[in-house]
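J.: One structure coming up, written as structure tokens, with questions to follow.
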Amino acid sequence: MLAMVHSATLAGVAGQPITVEVHVSTGLPSFTIVGLPDASCRESRDRVRAAILSSGLKWPQKRVTVNLAPSGVRKGGSGLDLPIAVAVLIADGQLPASATDGLAFIGELGLDGSLRPVPGVLPLVHALGDRAPVLPPASAAEARLLEGPEARCASTLATMVGALLGRRRWAAPPPPSGTAAVPGGPDLRDVRGQPLGRLAVEVAAAGSHHLLMVGPPGAGKTMLAERLPGLLPALTPAEALEVARIHSAAGLPLALREGMRRPPFRAPHHSASPVSLVGGGGSQMRPGELSCAHRGVLFLDELGEFPADVLDALRQPLEEGQVLVCRARASVMFPARVLLVAAMNPCPCGSEGGPGSCRCRETVRSRYGARVSGPLLDRFDLRIHVGRPDVSELMGGPAGGEPAGESSAEVAVRVEAARERARQRGVAANGDIPGRLLDRLAPLDPPARRLLEIRVRQGALSGRGLHRVRRVARTIADLGGWDGPVRESDVFSALALREPVVPGGIGPAGGGPDPAEVAIRQGAR
Amino acid sequence: MNREAAYAAALSGLPGMGPASLARILESHDPAGAWRAVLDGRIERPARARRAGPGQLSLTGAQAPAVRPWSVAARGVDPLSWWEPLEQAGVRVTWRGRPDYPAALVHDPEPPGVLFWMGDLSVLDRPCVAVVGTRNATPDGLAVAFELGRDLAAAGLCVVSGLALGIDGAAHRGCLHARSHGASGPPAGVAASGVDVPYPRRHRALWQQVVAAGVVISENLPGRPAQAWRFPSRNRVIAGLARLVVVVESHACGGSLITAEAALERGVEVRVVPGPVRSPASAGSNQLLYDGPGPVRNARDVLDALGLVLPDAPARTRPPAAGGVCPPGAALSGAGPSDGADTGGPDRSGVAVGVKVAPGPAGRPDPAVTGTVPAGGPDPAGRAILDALGRRPATVGAIMARTGLEAGAVARSLDRLSADGLVAENGGWWARI
């Protein structure tokens, strides 16, 4: 006898509908699964059999064949345990086929017959269309974020069969348990001093400009970066769902309700592998940290400690806002529109970093700086030194009792207003203005043009650097509520936010300064 | 072509030929005659050298394995045809007894038998100061070496160093920098490789600049690569040429300690730039300092040590600049605003003038690096920034925090102050100059 049950599996951050077909026929007892299951999927054979027997149901002593259709697509994960079990029961005549009309099943089975949650419920349920999903309790809570048919929920296979047969009611999904609605989050008000750092995160948030902070340990780089998501505009419901789907696919705990609207903040450790950052691995193609930070902030602390191949793998996705991860069996497009914030020490010894202040030899310093490749460094519109604040700043301002800086909420209002100006110009953020449109969207007034011309002629700015300065200057003007052509003062501020920060790395002009050149510039005082 | 030079050069390339043997041979023979005597077997390799030295005459720098007598090694070699292209490339040679042989080396305990050179050998007639130090220098050390090179050149002295990475190169660059601003002090590089083999290769351009502005000398045959064992003997030449050796930074077992040792053996004064006591780059130099030689902080101290007299009139007449800003020339003495340099006293004047004892053009005041003090002085924002800035470099963020000015205003003021020569930037760090 034949049975068909609907389910879904993950491919990257998208669900794909799967039909589980089970055929039970006479013959030697056997249990085979066909249709490109991966290892974890093939293991479901043993789980399904044990769960059915533990639940007081019968295992057909017949020839059982499971086909996962479409059979050309690789299936992974344990979420097909439940649909396989249901299909076996139908094919064996223990359940009527009509009981599963309009339903789809997702869930892992324990050997005792319990239903266990699986990652990626949001994209999976989304792929089911208008079929009502039957889910383990924890997954059902997550699925409530989606609109559509209400999820059914059962905690064991036996209770689920009872509900399908109409003998008992479906269980009520448990209350959402995720990291719900932490009000506020870190506030910019806590940052003492750091006027340039505060400006930099504001500009980064307003224009979606990638930010590199260089400074000694304890200067407050991480503190500033953590406050950036609080300055970004809240996600729209559609964006929030998109982000939640990615996080669900990655198996991350989901923020619920209001917390869902907050842009994500991901800070992977520098031991990260390229795949963990970009995505891929296994047949399910898990999204990487880059995608988990989609529409939020990806913070790379100790940028210089990341392996070079990992950093270089980020370059293209940063430019495109998405990453196509290709394997022999599948290619998956992951969204990757992030605001990249990176921090590093000025040199390996972790000193203040000023000329002459560190004990590192010039060769060591330049080697450290060279770990960040020029093309990656080039992606950072904003590069600033973050120094340890003076004692007086920590104690409350130079005069003592100076009021704390602005709060995140105050800054966020300006950021939102600046983004609105950018939207009216037709771009999501000024960081995205294409170079050819700069003259139209970010024109310069004559003094500003003159200033930039001088800088380019001095070799202090490359062609690409010029574009980046112009975008940043546009954002600064927007933050100041100025719609006219970019002014000289905006350009000066933009230049202040583009400091030569990396020792021995590429300077603004793109050439690595010879240590002796550095000495010349210093000695020439 | 100078035939004598060709034969002298070829003699110096004979296997196992040391400076002493060469000097002895050239005292009794003219070069061409000596070469003939070698071919005839009348002059032969000393027995000791025959055992220990490398084999055949090798004009290419490669060493033949066999130990061969000079008469065999010299057979089949035509010094003239070998020398001609070298001479055309600008390589010259001098040897003891020649009038152009550097006077400082004539009475040296181990004088080089021959000296190959490119550039202008007469620059060594000036008083020479050697600035030596580690290749792995700290930025501070590089800056000090650069300033020493610059200010000593501005004072009209010849700056001798080893053309190496780090301190040596910085000293040469400082000297070249001052020359490009009109100073007369020339650079002199003493190479461990052949004079036509720039080493390290990163210094190829520097090498050429030193040749153009001064001289590069070497006692090694042209074409010879730099080899570790050649450096100590190179260092003794540096010590022999100099009237004073300044060690800027040296690691615990640094080669510059060998230079200092050689200098002390020759009665050449050694001075040391003190470094941070915990800096490994200064471990050797500080040890040296502890052992006796006195410290120097800047070119002025070096000149004092040499007993050179500075004309002080120009510095005295220079008025203190507005806003408490010291005249740019004062920076040359290493005296900053925090030192009260704006008093403009004679002991604070720059070394931006010639030294009276220096021969030739340095007799008259030597215009050095000069800046211009802006008319009217800096605006209020600029003054606030200058007040907030010390000699210790600060970042824009720190300047903003100290002055309360906005990023754009700070950047604008720094731009102006920098154009006026009042502040300078290095890697995003700003400081008064």
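Please note that chains go A, B, ... in the order of the structure tokens, that every chain numbers its residues from 1, and that ligands are numbered from 1 in the order shown.
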If we count only C-alpha atoms and set the cut-off at 10 Å, which residues sit around Pro198 of chain B, ignoring sequence neighbours fewer than 4 positions away in its own chain? Please answer as an MDAnalysis selection string.

T.: chainID B and resid 163:164 191:194 202:208 223 225:226

J.: Any chance you could export the current selection's N, CA, C and O atoms as a CSV table (one decimal), in the first residue's frame?

T.:
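Output contents, as saved in again11.csv:
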chain,number,residue,atom,x,y,z
B,163,LEU,N,74.8,51.8,4.8
B,163,LEU,CA,73.8,51.6,3.7
B,163,LEU,C,72.8,50.4,4.0
B,163,LEU,O,72.1,50.0,3.2
B,164,ALA,N,72.8,50.0,5.3
B,164,ALA,CA,71.9,48.9,5.6
B,164,ALA,C,70.5,49.3,5.9
B,164,ALA,O,70.2,50.5,5.9
B,191,ALA,N,80.2,49.9,1.9
B,191,ALA,CA,79.4,48.7,1.6
B,191,ALA,C,80.2,47.5,1.9
B,191,ALA,O,81.5,47.5,1.9
B,192,ALA,N,79.5,46.4,2.3
B,192,ALA,CA,80.1,45.1,2.5
B,192,ALA,C,80.1,44.3,1.2
B,192,ALA,O,80.9,43.3,1.1
B,193,SER,N,79.3,44.7,0.2
B,193,SER,CA,79.3,44.0,-1.0
B,193,SER,C,80.2,44.9,-2.0
B,193,SER,O,80.8,45.9,-1.5
B,194,GLY,N,80.3,44.5,-3.2
B,194,GLY,CA,81.0,45.3,-4.2
B,194,GLY,C,80.2,46.6,-4.4
B,194,GLY,O,79.0,46.7,-4.1
B,202,ARG,N,66.5,46.4,-1.4
B,202,ARG,CA,65.5,47.4,-1.1
B,202,ARG,C,66.1,48.8,-1.1
B,202,ARG,O,65.4,49.8,-1.3
B,203,HIS,N,67.4,48.9,-1.0
B,203,HIS,CA,68.0,50.2,-0.9
B,203,HIS,C,68.7,50.6,-2.2
B,203,HIS,O,69.6,51.4,-2.2
B,204,ARG,N,68.3,49.9,-3.3
B,204,ARG,CA,68.9,50.2,-4.6
B,204,ARG,C,68.8,51.7,-4.9
B,204,ARG,O,69.8,52.4,-5.3
B,205,ALA,N,67.6,52.3,-4.7
B,205,ALA,CA,67.5,53.7,-5.0
B,205,ALA,C,68.3,54.6,-4.1
B,205,ALA,O,69.0,55.6,-4.5
B,206,LEU,N,68.3,54.2,-2.8
B,206,LEU,CA,69.1,55.0,-1.8
B,206,LEU,C,70.6,54.9,-2.2
B,206,LEU,O,71.3,56.0,-2.2
B,207,TRP,N,71.0,53.8,-2.6
B,207,TRP,CA,72.4,53.5,-3.0
B,207,TRP,C,72.8,54.5,-4.1
B,207,TRP,O,73.8,55.2,-4.1
B,208,GLN,N,71.9,54.6,-5.1
B,208,GLN,CA,72.2,55.5,-6.3
B,208,GLN,C,72.2,57.0,-5.8
B,208,GLN,O,73.0,57.8,-6.3
B,223,GLY,N,81.1,43.4,-7.9
B,223,GLY,CA,80.5,42.2,-8.2
B,223,GLY,C,80.3,41.2,-7.0
B,223,GLY,O,79.5,40.3,-7.1
B,225,PRO,N,79.1,39.6,-3.8
B,225,PRO,CA,77.8,39.8,-3.0
B,225,PRO,C,78.2,40.1,-1.5
B,225,PRO,O,79.3,39.9,-1.1
B,226,ALA,N,77.2,40.6,-0.8
B,226,ALA,CA,77.4,40.8,0.6
B,226,ALA,C,77.4,39.5,1.3
B,226,ALA,O,76.4,38.7,1.1

J.: Counting only C-alpha atoms, what is within 10 Å of Pro174 of chain A, bar same-chain residues fewer than 6 positions away, as a list in words?

T.: Pro137, Ala138, Ser139, Ala140, Ala141, Glu142 and Cys153 of chain A

J.: Dump N, CA and C atoms for the selected residues as an mmCIF file, in the first residue's frame?

T.:
data_model
loop_
_atom_site.group_PDB
_atom_site.id
_atom_site.type_symbol
_atom_site.label_atom_id
_atom_site.label_comp_id
_atom_site.auth_asym_id
_atom_site.auth_seq_id
_atom_site.Cartn_x
_atom_site.Cartn_y
_atom_site.Cartn_z
ATOM 1 N N PRO A 137 6.835 20.778 19.891
ATOM 2 C CA PRO A 137 6.391 21.990 20.610
ATOM 3 C C PRO A 137 7.335 23.179 20.439
ATOM 4 N N ALA A 138 8.644 22.950 20.611
ATOM 5 C CA ALA A 138 9.564 24.085 20.545
ATOM 6 C C ALA A 138 9.534 24.721 19.167
ATOM 7 N N SER A 139 9.443 23.896 18.123
ATOM 8 C CA SER A 139 9.413 24.431 16.767
ATOM 9 C C SER A 139 8.109 25.166 16.503
ATOM 10 N N ALA A 140 7.028 24.680 17.109
ATOM 11 C CA ALA A 140 5.737 25.323 16.886
ATOM 12 C C ALA A 140 5.759 26.754 17.412
ATOM 13 N N ALA A 141 6.448 26.945 18.527
ATOM 14 C CA ALA A 141 6.545 28.297 19.076
ATOM 15 C C ALA A 141 7.227 29.216 18.070
ATOM 16 N N GLU A 142 8.279 28.689 17.433
ATOM 17 C CA GLU A 142 9.013 29.486 16.463
ATOM 18 C C GLU A 142 8.146 29.783 15.246
ATOM 19 N N CYS A 153 0.611 20.959 17.069
ATOM 20 C CA CYS A 153 1.753 20.674 17.921
ATOM 21 C C CYS A 153 1.476 19.428 18.730
#

J.: When you count only C-alpha atoms, which of these residues is closest to Arg365 of chain A: B:Thr138, B:Gly16, B:Val210, B:Val268?

T.: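 Of the candidates, the smallest distance to Arg365 of chain A is held by B:Thr138.
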
J.: Compile the contact shell of Gly405 of chain A as a list in words: residues with an atom at most 8 Å away, counting only C-alpha atoms, same-chain residues fewer than 5 positions apart removed.

T.: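 My reading of the contact set: Leu188, Arg189, Asp190, Val191, Arg192 and Gly193 of chain A.
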
J.: Create the file for the chosen residues now, containing N, CA, C and O atoms and written as a PDB file, in the first residue's frame.

T.:
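Produced file selection34.pdb, reproduced below:
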ATOM      1  N   LEU A 188      24.691  54.162  23.707  1.00  0.00           N
ATOM      2  CA  LEU A 188      25.841  54.996  23.379  1.00  0.00           C
ATOM      3  C   LEU A 188      26.176  55.956  24.530  1.00  0.00           C
ATOM      4  O   LEU A 188      27.281  56.475  24.619  1.00  0.00           O
ATOM      5  N   ARG A 189      25.203  56.165  25.387  1.00  0.00           N
ATOM      6  CA  ARG A 189      25.408  57.069  26.506  1.00  0.00           C
ATOM      7  C   ARG A 189      26.538  56.577  27.425  1.00  0.00           C
ATOM      8  O   ARG A 189      27.211  57.354  28.079  1.00  0.00           O
ATOM      9  N   ASP A 190      26.741  55.247  27.444  1.00  0.00           N
ATOM     10  CA  ASP A 190      27.759  54.681  28.334  1.00  0.00           C
ATOM     11  C   ASP A 190      29.177  54.979  27.869  1.00  0.00           C
ATOM     12  O   ASP A 190      30.129  54.767  28.618  1.00  0.00           O
ATOM     13  N   VAL A 191      29.322  55.414  26.624  1.00  0.00           N
ATOM     14  CA  VAL A 191      30.671  55.633  26.097  1.00  0.00           C
ATOM     15  C   VAL A 191      31.162  56.995  26.544  1.00  0.00           C
ATOM     16  O   VAL A 191      30.558  58.016  26.230  1.00  0.00           O
ATOM     17  N   ARG A 192      32.245  56.986  27.292  1.00  0.00           N
ATOM     18  CA  ARG A 192      32.835  58.252  27.747  1.00  0.00           C
ATOM     19  C   ARG A 192      33.858  58.709  26.726  1.00  0.00           C
ATOM     20  O   ARG A 192      34.660  57.910  26.238  1.00  0.00           O
ATOM     21  N   GLY A 193      33.849  60.013  26.487  1.00  0.00           N
ATOM     22  CA  GLY A 193      34.850  60.533  25.560  1.00  0.00           C
ATOM     23  C   GLY A 193      34.625  59.988  24.162  1.00  0.00           C
ATOM     24  O   GLY A 193      33.500  59.832  23.716  1.00  0.00           O
TER      25      GLY A 193
END

J.: May I ask you to extract the residues of chain B within 9 Å of chain A, using only C-alpha atoms, and to give them as a VMD selection string?

T.: chain B and resid 136 to 147 150 165 to 167 169 to 170 173 to 174 177 278 to 281 328 331 to 332 369 392 to 398 400 to 402 404 406 to 412 421 to 429 431 to 433

J.: For atom CA of Ser250 of chain B and atom CA of Pro111 of chain B, determine how far apart the two atoms are, in Å to one decimal place.

T.: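 Computed distance, atom CA of Ser250 of chain B to atom CA of Pro111 of chain B, equals 25.4 Å.
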
J.: Among the residues of segment 160-393 of chain A, find those DSSP assigns to strand (DSSP E or B) from the backbone and print them as number ranges by chain.

T.: A: 211-214, 265-266, 279-280, 286-287, 297-300, 322-326, 331-335, 339-344, 382-385

J.: As an exercise, work out the distance from atom CA of Val195 of chain B to atom CA of Ser233 of chain B in Å and give it to one decimal place.

T.: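 Computing the Euclidean distance for atom CA of Val195 of chain B and atom CA of Ser233 of chain B yields 14.8 Å.
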
J.: Under the rule that only C-alpha atoms are counted, which of B:Gly214, B:Pro79, B:Gly162, B:Pro99 is the nearest residue to Leu121 of chain B?

T.: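 Among the listed residues, B:Gly214 lies closest to Leu121 of chain B.
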
J.: Using only C-alpha atoms, which of A:Leu124, A:Ala343, A:Ile106, A:Val64 sits nearest Ala219 of chain A?

T.: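 Of A:Leu124, A:Ala343, A:Ile106, A:Val64, the one nearest Ala219 of chain A, counting only C-alpha atoms, is A:Ala343.
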
J.: Val427 of chain A: which residues within 12 Å, counting only C-alpha atoms, same-chain residues fewer than 4 positions away excluded, as JSON, numbers by chain?

T.: {"A": [207, 208, 418, 419, 420, 421, 422, 423, 431, 432, 433, 434, 437, 438, 441, 442, 471, 475]}

J.: DSSP on the backbone: which residues in segment 116-151 of chain A end up as helix (DSSP H, G or I)? Give the answer as a list of chain:residue names.

T.: A:Val121, A:Leu122, A:Pro123, A:Leu124, A:Val125, A:His126, A:Ala127, A:Pro137, A:Ala138, A:Ser139, A:Ala140, A:Ala141, A:Glu142, A:Ala143

J.: Can you pull out every residue within 7 Å of Val13 of chain A, counting only C-alpha atoms, but drop anything in the same chain fewer than 5 positions away, and send it as a list in words?

T.: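 Result of the neighbour search: Pro123, Arg245, Ile246, Ala249, Pro287 and Phe334 of chain A.
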
J.: Could the residues in this selection be saved with N, CA, C and O atoms as a compact mmCIF listing (two decimals), in the first residue's frame?

T.:
# COMPACT_ATOMS: atom_id res chain seq x y z
N PRO A 123 12.03 28.79 7.57
CA PRO A 123 12.02 28.55 6.13
C PRO A 123 11.30 27.27 5.74
O PRO A 123 10.67 27.21 4.68
N ARG A 245 14.43 33.98 9.39
CA ARG A 245 14.52 32.76 8.60
C ARG A 245 15.98 32.28 8.51
O ARG A 245 16.26 31.11 8.61
N ILE A 246 16.88 33.25 8.33
CA ILE A 246 18.30 32.88 8.25
C ILE A 246 18.77 32.32 9.58
O ILE A 246 19.41 31.28 9.64
N ALA A 249 17.48 28.89 10.07
CA ALA A 249 18.21 27.90 9.28
C ALA A 249 19.56 27.61 9.90
O ALA A 249 20.09 26.51 9.79
N PRO A 287 23.92 28.63 6.71
CA PRO A 287 24.39 30.00 6.49
C PRO A 287 25.55 30.34 7.43
O PRO A 287 25.58 29.88 8.57
N PHE A 334 23.19 32.96 -0.40
CA PHE A 334 22.90 33.45 0.95
C PHE A 334 22.85 34.97 0.93
O PHE A 334 23.73 35.60 0.34

J.: Skipping near chain neighbours, those fewer than 3 positions away, what residues fall within 12 Å of segment 271-274 of chain B using only C-alpha atoms, listed as a ChimeraX atom specification?

T.: /B:129-133,140-145,148,167,242-250,256-257,259-261,263-264,268,277-279,281-299,301-306

J.: Pick out the residues sitting within 12 Å of Pro380 of chain B, and hand them over as a count of residues only; count only C-alpha atoms, and ignore anything fewer than 6 positions along from it in its own chain.

T.: 9

J.: Out of A:Ala244, A:Val88, A:Ser407, A:Pro119, which residue has the shortest atom-to-atom distance to Arg286 of chain A when counting only C-alpha atoms?

T.: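 Looking only at the distances to Arg286 of chain A, the closest residue turns out to be A:Pro119.
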
J.: In Å, with one decimal, what is the gap from atom CA of Leu176 of chain B to atom CA of Arg126 of chain B?

T.: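 About the pair atom CA of Leu176 of chain B and atom CA of Arg126 of chain B: they are 16.1 Å apart.
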